[in-house]
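The structure file upload_33.cif is reproduced below (mmCIF, C-alpha atoms).
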data_model
#
loop_
_atom_site.label_atom_id
_atom_site.label_comp_id
_atom_site.auth_asym_id
_atom_site.auth_seq_id
_atom_site.Cartn_x
_atom_site.Cartn_y
_atom_site.Cartn_z
CA MET A 128 39.72 123.31 108.22
CA GLU A 129 38.50 125.69 110.89
CA PHE A 130 34.82 126.32 111.62
CA LYS A 131 33.06 128.26 114.35
CA THR A 132 29.80 126.62 115.35
CA SER A 133 26.87 127.77 117.46
CA LYS A 134 23.36 126.48 118.07
CA ASN A 135 20.19 128.42 117.40
CA GLY A 136 17.29 126.07 118.16
CA GLN A 137 17.58 123.17 115.79
CA ILE A 138 19.81 125.13 113.44
CA THR A 139 23.55 124.69 113.78
CA HIS A 140 25.27 127.82 112.54
CA VAL A 141 28.60 126.85 110.97
CA LYS A 142 30.82 129.81 110.18
CA MET A 143 33.73 129.20 107.82
CA VAL A 144 36.91 130.90 108.98
CA GLY A 145 39.21 130.41 105.98
CA LYS A 146 39.13 132.60 102.88
CA ARG A 147 39.08 129.75 100.35
CA LEU A 148 37.01 126.73 99.44
CA ASP A 149 38.98 125.17 96.61
CA ALA A 150 40.56 121.94 95.41
CA SER A 151 43.18 122.09 98.15
CA GLN A 152 40.51 122.30 100.87
CA VAL A 153 37.63 120.08 99.81
CA ILE A 154 38.51 116.87 101.68
CA ALA A 155 39.00 118.70 104.98
CA PHE A 156 35.81 120.69 104.36
CA LYS A 157 33.63 117.64 103.70
CA GLU A 158 35.06 115.75 106.68
CA GLY A 159 34.52 118.79 108.91
CA ILE A 160 30.87 119.27 108.00
CA GLN A 161 30.16 115.54 108.18
CA SER A 162 31.64 115.50 111.70
CA ILE A 163 29.42 118.39 112.74
CA SER A 164 26.37 116.60 111.32
CA ASP A 165 27.29 113.29 112.95
CA ALA A 166 27.80 115.06 116.27
CA GLY A 167 24.08 115.84 116.34
CA ALA A 168 23.40 118.87 114.14
CA ASP A 169 19.81 118.75 112.88
CA HIS A 170 19.91 121.48 110.27
CA ILE A 171 22.99 123.35 109.11
CA LEU A 172 23.38 126.97 108.09
CA LEU A 173 26.79 127.42 106.47
CA ASP A 174 27.98 131.00 106.78
CA MET A 175 30.46 131.66 103.93
CA GLU A 176 30.91 135.36 104.63
CA ALA A 177 34.68 134.96 105.10
CA VAL A 178 35.13 132.97 101.88
CA GLU A 179 36.54 135.14 99.11
CA PHE A 180 37.30 132.39 96.61
CA MET A 181 35.57 129.16 95.58
CA ASP A 182 36.29 126.99 92.54
CA SER A 183 34.18 124.20 91.06
CA SER A 184 35.84 121.69 93.39
CA GLY A 185 34.52 123.72 96.31
CA LEU A 186 31.08 123.78 94.73
CA GLY A 187 31.28 120.00 94.34
CA ALA A 188 32.07 119.71 98.05
CA LEU A 189 28.91 121.68 98.88
CA VAL A 190 26.90 119.30 96.68
CA ALA A 191 28.47 116.36 98.50
CA VAL A 192 27.40 117.86 101.83
CA LEU A 193 23.85 118.41 100.54
CA LYS A 194 23.66 114.73 99.58
CA TYR A 195 25.21 113.60 102.85
CA LEU A 196 22.65 115.48 104.94
CA GLY A 197 19.82 113.90 102.94
CA SER A 198 16.20 114.92 103.00
CA ASP A 199 15.81 114.93 106.80
CA LYS A 200 18.29 117.71 107.44
CA LYS A 201 18.00 121.15 105.90
CA PHE A 202 21.14 122.77 104.51
CA ALA A 203 21.31 126.48 103.79
CA ILE A 204 24.15 128.79 102.82
CA SER A 205 24.61 132.49 103.56
CA GLY A 206 27.01 135.39 103.00
CA LEU A 207 28.20 134.73 99.45
CA SER A 208 30.92 137.05 98.14
CA PRO A 209 30.41 138.34 94.57
CA MET A 210 32.97 135.79 93.32
CA VAL A 211 31.33 132.83 95.05
CA GLU A 212 27.90 134.02 93.97
CA LYS A 213 29.03 134.11 90.34
CA VAL A 214 30.12 130.45 90.46
CA PHE A 215 26.67 129.55 91.82
CA GLN A 216 24.91 131.59 89.14
CA LEU A 217 26.94 130.35 86.16
CA THR A 218 26.45 126.71 87.12
CA ARG A 219 22.75 127.31 87.98
CA MET A 220 23.44 125.82 91.39
CA ASP A 221 21.81 128.91 92.90
CA GLN A 222 18.54 127.20 91.94
CA ILE A 223 19.45 124.06 93.86
CA PHE A 224 20.76 125.47 97.14
CA CYS A 225 18.86 127.46 99.73
CA ILE A 226 20.87 130.71 99.76
CA TYR A 227 20.47 133.72 102.06
CA LYS A 228 22.16 137.08 101.85
CA SER A 229 23.27 136.87 105.47
CA ALA A 230 23.12 134.47 108.39
CA LYS A 231 20.78 136.92 110.11
CA ASP A 232 18.37 136.71 107.16
CA ALA A 233 18.42 132.91 107.31
CA VAL A 234 17.74 132.71 111.02
CA SER A 235 14.86 135.20 110.79
CA ASP A 236 13.30 133.52 107.76
CA GLN A 237 10.09 131.83 108.89
CA LYS A 238 10.30 129.21 106.15
CA PHE A 239 13.71 128.09 107.31
CA ILE A 240 12.61 128.10 110.95
CA LEU A 241 9.44 126.11 110.20
CA ALA A 242 11.36 123.65 108.06
CA SER A 243 13.77 123.27 110.91
CA GLY A 244 11.13 122.88 113.58
CA MET B 141 35.16 114.54 66.70
CA GLN B 142 37.82 114.53 63.95
CA PHE B 143 36.19 117.61 62.48
CA LEU B 144 36.42 119.34 65.84
CA ILE B 145 40.09 118.43 66.25
CA ARG B 146 40.94 119.62 62.74
CA ASN B 147 39.13 122.91 63.32
CA LEU B 148 40.83 123.39 66.64
CA PHE B 149 44.30 123.01 65.17
CA LEU B 150 43.47 125.12 62.11
CA ARG B 151 42.47 127.98 64.37
CA VAL B 152 45.60 127.52 66.42
CA ASP B 153 47.87 127.60 63.35
CA LYS B 154 46.66 131.12 62.60
CA MET B 155 47.68 132.56 65.91
CA ASN B 156 50.96 133.36 67.51
CA ILE B 157 50.47 132.14 71.06
CA ASP B 158 53.77 133.57 72.32
CA SER B 159 52.99 137.14 71.41
CA CYS B 160 49.30 137.83 71.28
CA MET B 161 49.22 141.57 71.88
CA PRO B 162 50.71 144.53 70.07
CA LYS B 163 53.85 145.62 71.87
CA THR B 164 52.84 149.07 73.05
CA ASN B 165 52.94 150.89 76.32
CA GLN B 166 49.20 150.28 76.68
CA CYS B 167 49.75 146.55 77.04
CA GLN B 168 50.17 145.39 80.64
CA SER B 169 51.30 141.88 81.40
CA PHE B 170 51.94 139.43 84.23
CA SER B 171 54.04 136.27 84.01
CA SER B 172 54.81 133.56 86.51
CA SER B 173 55.65 129.85 86.67
CA ILE B 174 54.63 127.19 89.15
CA GLN B 175 55.11 123.48 89.67
CA ASN B 176 52.14 121.13 89.52
CA ASP B 177 50.94 121.37 93.09
CA GLN B 178 47.63 122.68 94.39
CA GLU B 179 49.30 124.86 97.00
CA HIS B 180 51.27 126.57 94.23
CA VAL B 181 47.97 127.33 92.49
CA VAL B 182 46.73 129.11 95.61
CA ARG B 183 49.89 131.23 95.72
CA LEU B 184 49.69 132.03 92.00
CA LEU B 185 46.03 133.04 92.22
CA ASP B 186 46.91 135.44 95.03
CA GLU B 187 49.72 136.94 92.92
CA VAL B 188 47.42 137.35 89.92
CA HIS B 189 44.76 138.95 92.09
CA GLN B 190 47.29 141.41 93.46
CA TRP B 191 48.51 142.22 89.95
CA MET B 192 44.96 142.82 88.69
CA ASP B 193 44.33 145.14 91.64
CA ASN B 194 47.48 147.10 90.83
CA ALA B 195 46.62 147.14 87.10
CA GLN B 196 43.20 148.57 88.01
CA ILE B 197 41.35 145.78 86.25
CA SER B 198 37.68 145.99 87.20
CA LYS B 199 36.19 143.83 89.92
CA ASP B 200 33.98 141.96 87.43
CA LYS B 201 36.89 141.12 85.14
CA THR B 202 39.00 140.10 88.12
CA ILE B 203 36.33 137.63 89.22
CA ASP B 204 36.01 136.17 85.71
CA ILE B 205 39.76 135.75 85.29
CA GLN B 206 40.15 134.19 88.75
CA ILE B 207 37.46 131.60 88.02
CA VAL B 208 38.87 130.67 84.61
CA LEU B 209 42.49 130.58 85.74
CA ALA B 210 41.65 128.35 88.72
CA GLU B 211 39.64 125.91 86.60
CA ALA B 212 42.26 125.73 83.86
CA LEU B 213 45.07 125.14 86.37
CA ASN B 214 43.03 122.54 88.26
CA ASN B 215 42.49 120.63 85.01
CA VAL B 216 46.21 120.60 84.25
CA ILE B 217 47.20 119.56 87.77
CA GLU B 218 44.53 116.89 88.17
CA HIS B 219 45.00 115.24 84.78
CA GLY B 220 48.33 116.32 83.32
CA PHE B 221 50.89 114.72 85.60
CA SER B 222 51.40 111.40 87.34
CA HIS B 223 53.21 112.89 90.33
CA ASP B 224 53.17 116.19 92.20
CA LEU B 225 56.01 118.67 91.72
CA THR B 226 57.29 117.04 88.52
CA GLY B 227 55.83 119.47 85.99
CA ASN B 228 56.06 123.10 85.09
CA ILE B 229 53.20 125.49 84.33
CA ASP B 230 53.78 128.95 82.87
CA VAL B 231 51.05 131.55 83.17
CA ARG B 232 50.91 134.82 81.30
CA LEU B 233 48.17 137.43 81.54
CA GLU B 234 47.99 140.37 79.14
CA GLN B 235 45.67 143.31 79.09
CA TYR B 236 45.42 145.48 75.99
CA GLN B 237 42.71 148.13 75.85
CA LYS B 238 39.52 146.29 76.86
CA ASN B 239 40.75 142.80 76.08
CA VAL B 240 42.45 140.36 78.40
CA THR B 241 44.35 137.29 77.23
CA LEU B 242 45.41 134.44 79.49
CA ILE B 243 48.02 131.95 78.26
CA ILE B 244 48.79 128.73 80.14
CA VAL B 245 51.65 126.51 78.97
CA ASP B 246 52.43 123.21 80.69
CA ASN B 247 54.64 120.21 80.03
CA GLY B 248 52.04 117.65 81.14
CA LYS B 249 50.13 115.03 79.16
CA PRO B 250 48.25 116.23 76.06
CA TYR B 251 44.56 116.98 76.50
CA LEU B 252 41.73 117.97 74.24
CA PRO B 253 39.39 120.76 75.35
CA PRO B 254 35.75 119.83 74.73
CA GLY B 255 34.11 121.43 71.72
CA ALA B 256 31.05 122.44 73.71
CA ALA B 257 30.81 121.56 77.39
CA SER B 258 27.26 121.35 78.71
CA ASN B 259 26.23 122.11 82.26
CA PRO B 260 26.46 118.77 84.13
CA LEU B 261 23.50 119.90 86.23
CA ILE B 262 21.16 119.30 83.27
CA ALA B 263 21.29 115.53 83.74
CA ALA B 264 20.28 115.63 87.41
CA THR B 265 16.67 114.83 88.29
CA LYS B 266 17.03 114.34 92.04
CA THR B 267 19.41 115.38 94.81
CA ASN B 268 21.46 112.20 94.68
CA ASP B 269 22.06 112.75 90.96
CA LEU B 270 23.52 116.23 91.44
CA PRO B 271 27.00 116.49 89.93
CA GLU B 272 29.97 117.00 92.25
CA GLY B 273 32.35 117.75 89.38
CA GLY B 274 32.59 118.33 85.66
CA PHE B 275 32.01 122.10 85.87
CA GLY B 276 35.52 123.19 84.94
CA TRP B 277 35.31 123.44 81.15
CA PHE B 278 31.70 124.56 81.36
CA LEU B 279 32.73 127.56 83.48
CA ILE B 280 35.66 128.33 81.18
CA GLN B 281 33.37 128.33 78.15
CA GLU B 282 30.68 130.37 79.87
CA ILE B 283 33.12 133.14 80.79
CA THR B 284 35.66 133.35 77.96
CA ASN B 285 34.86 134.69 74.50
CA SER B 286 37.10 132.12 72.85
CA TYR B 287 39.95 129.77 73.58
CA ASP B 288 42.50 127.90 71.54
CA TYR B 289 44.64 124.91 72.35
CA VAL B 290 47.72 123.56 70.64
CA ARG B 291 50.24 120.86 71.49
CA ARG B 292 53.68 122.09 70.52
CA ASP B 293 57.23 121.10 71.57
CA GLN B 294 55.88 118.51 74.04
CA LYS B 295 53.83 121.21 75.76
CA ASN B 296 50.16 122.15 76.01
CA GLN B 297 49.45 125.77 75.15
CA LEU B 298 46.04 127.12 76.07
CA LYS B 299 45.10 130.66 75.12
CA LEU B 300 41.93 132.13 76.63
CA GLN B 301 40.40 135.37 75.46
CA PHE B 302 38.22 137.75 77.46
CA ASP B 303 36.68 140.58 75.46
CA TYR B 304 35.01 143.38 77.36
CA ILE B 305 33.17 145.85 75.19
#
Final structure tokens representation of the file:
Amino acid sequence: MEFKTSKNGQITHVKMVGKRLDASQVIAFKEGIQSISDAGADHILLDMEAVEFMDSSGLGALVAVLKYLGSDKKFAISGLSPMVEKVFQLTRMDQIFCIYKSAKDAVSDQKFILASG
Amino acid sequence: MQFLIRNLFLRVDKMNIDSCMPKTNQCQSFSSSIQNDQEHVVRLLDEVHQWMDNAQISKDKTIDIQIVLAEALNNVIEHGFSHDLTGNIDVRLEQYQKNVTLIIVDNGKPYLPPGAASNPLIAATKTNDLPEGGFGWFLIQEITNSYDYVRRDQKNQLKLQFDYI
């Protein structure tokens, strides 16, 4: 699975390139994010702007990443398409994850910056 | 549980799963078949999306149908067959006036849809308890107005109804 990563202070901005996060992608996705974390990322902002489709397997993969990062590393998500947003809302997972409208909003949010400092 | 099963099959007996819509010019339909492989699901979902675009089905309905179709197909592929590419799954989508019906027929193992699937998130009290799965039937029930299942001729037949008023 392809990601584009960049550093902004202690936040590693991980931009998803593919259009899908589904059952066919979840193993590669989890391994990819775990590798980025193990390589030294402190806090991760996952930019899902390119993702047009996510099923419950994809949602499960995001939960797995949240658990993997633990309490020391902050994990936020941005750029949800209407379809992806609906999966979050229906499952109430929008109350569990830190979600921003855009990556720009996340980076400029003082709470996220302070939590990441 | 026996009561639920009996009710499920009673409901199913009353319907004709092969022809659920009046045959008029106002009824639009899509049909396709795939083998039990996740990559085939991706291709089918793209085809269905394209068809819904062409049929001018609204964005909201399109999202609902995509979610339900993906979850239903994932269930069949994950639990219905012992080996990839050994089964057949037929998908039919019909739109009549403001109602959409999705019919999925597969020759995999029998299954029993849950009577009422609860959100697996309810049981979680801390991050490590958060569920990584079990959302499939919950999402299907949240979105559809009704669904019926029957096992007939060694096949599973699942009919999902979306009513948009």
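Once all atoms listed in the file are considered, the residues situated within 12 Å of the file point (20.1, 112.5, 95.2) turn out to be Val190, Ala191, Val192, Leu193, Lys194, Tyr195, Leu196, Gly197, Ser198 and Ile223 of chain A; Ala263, Ala264, Thr265, Lys266, Thr267, Asn268, Asp269, Leu270, Pro271 and Glu272 of chain B.
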Enumerate, as a ChimeraX atom specification, the residues matched when the PyMOL selection byres ((chain B and resi 200-202) around 9) is run on the file above. /A:209-210 /B:189,192-193,197-199,203-207,240,302,304
Take the residues that were just selected and, keeping C-alpha atoms, output them as a CSV table (one decimal), keeping the file's coordinate frame.
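File part-v5.csv, as written:
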chain,number,residue,atom,x,y,z
A,209,PRO,CA,30.4,138.3,94.6
A,210,MET,CA,33.0,135.8,93.3
B,189,HIS,CA,44.8,139.0,92.1
B,192,MET,CA,45.0,142.8,88.7
B,193,ASP,CA,44.3,145.1,91.6
B,197,ILE,CA,41.4,145.8,86.2
B,198,SER,CA,37.7,146.0,87.2
B,199,LYS,CA,36.2,143.8,89.9
B,203,ILE,CA,36.3,137.6,89.2
B,204,ASP,CA,36.0,136.2,85.7
B,205,ILE,CA,39.8,135.8,85.3
B,206,GLN,CA,40.2,134.2,88.8
B,207,ILE,CA,37.5,131.6,88.0
B,240,VAL,CA,42.4,140.4,78.4
B,302,PHE,CA,38.2,137.8,77.5
B,304,TYR,CA,35.0,143.4,77.4
Would you compute the distance between CA of Leu189 (chain A) and CA of Met175 (chain A)? Give it in Å to one decimal.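 If I compute the distance from CA of Leu189 (chain A) to CA of Met175 (chain A), I get 11.3 Å.
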Please write the residues picked by the PyMOL selection byres ((chain A and resi 230) around 10) on this file as a PyMOL selection string. chain A and resi 140-142+172-176+203-206+226-229+231-236
Pick out the chain A residues within 12 Å of chain B. Count only C-alpha atoms. Give them as an MDAnalysis selection string. chainID A and resid 146:153 179:198 208:224
Find the residues around region 250-258 of chain B up to 12 Å (all atoms listed in the file counted), leave out those fewer than 4 positions away in its own chain, and share them as a VMD selection string. (chain A and resid 217 to 219) or (chain B and resid 141 to 149 212 215 to 221 245 to 246 262 to 263 274 to 282 286 to 300)
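Taking CA of Gly159 (chain A) and CA of Met128 (chain A) as the two end points, the separation is 6.9 Å.
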With all atoms listed in the file as the counted atoms, please give the residues lying no more than 7 Å from Phe170 (chain B), apart from itself and same-chain residues fewer than 4 positions off, as a list of chain:residue names.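 With the cut-off at 7 Å, the set is B:Arg232, B:Leu233, B:Glu234.
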Residues within 9 Å of Ile163 (chain A), please, as a PyMOL selection string. Count only C-alpha atoms; anything in the same chain fewer than 6 positions from it doesn't count. chain A and resi 132+139+141+171
Considering only C-alpha atoms, return as a ChimeraX atom specification whatever protein or nucleic-acid residues lie within 8 Å of Asp224 (chain B), sequence-local ones (same chain, fewer than 2 positions apart) excluded. /B:175-177,221-222,226-227
What's the separation between CA of Phe202 (chain A) and CA of Asp169 (chain A), in Å to one decimal place?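 Calculated distance between CA of Phe202 (chain A) and CA of Asp169 (chain A) is 9.4 Å.
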Listed atoms of region 249-261 of chain B boxed along x, y and z, 4 Å each side, centre and edge lengths in Å, one decimal, as JSON:
{"center_x": 36.8, "center_y": 118.7, "center_z": 79.0, "size_x": 34.6, "size_y": 15.4, "size_z": 22.5}
Of the candidates A:Ala155, A:Ile160, A:Cys225, A:Ala168, which one gets nearest to Ser133 (chain A) if we count all atoms listed in the file? A:Ala168
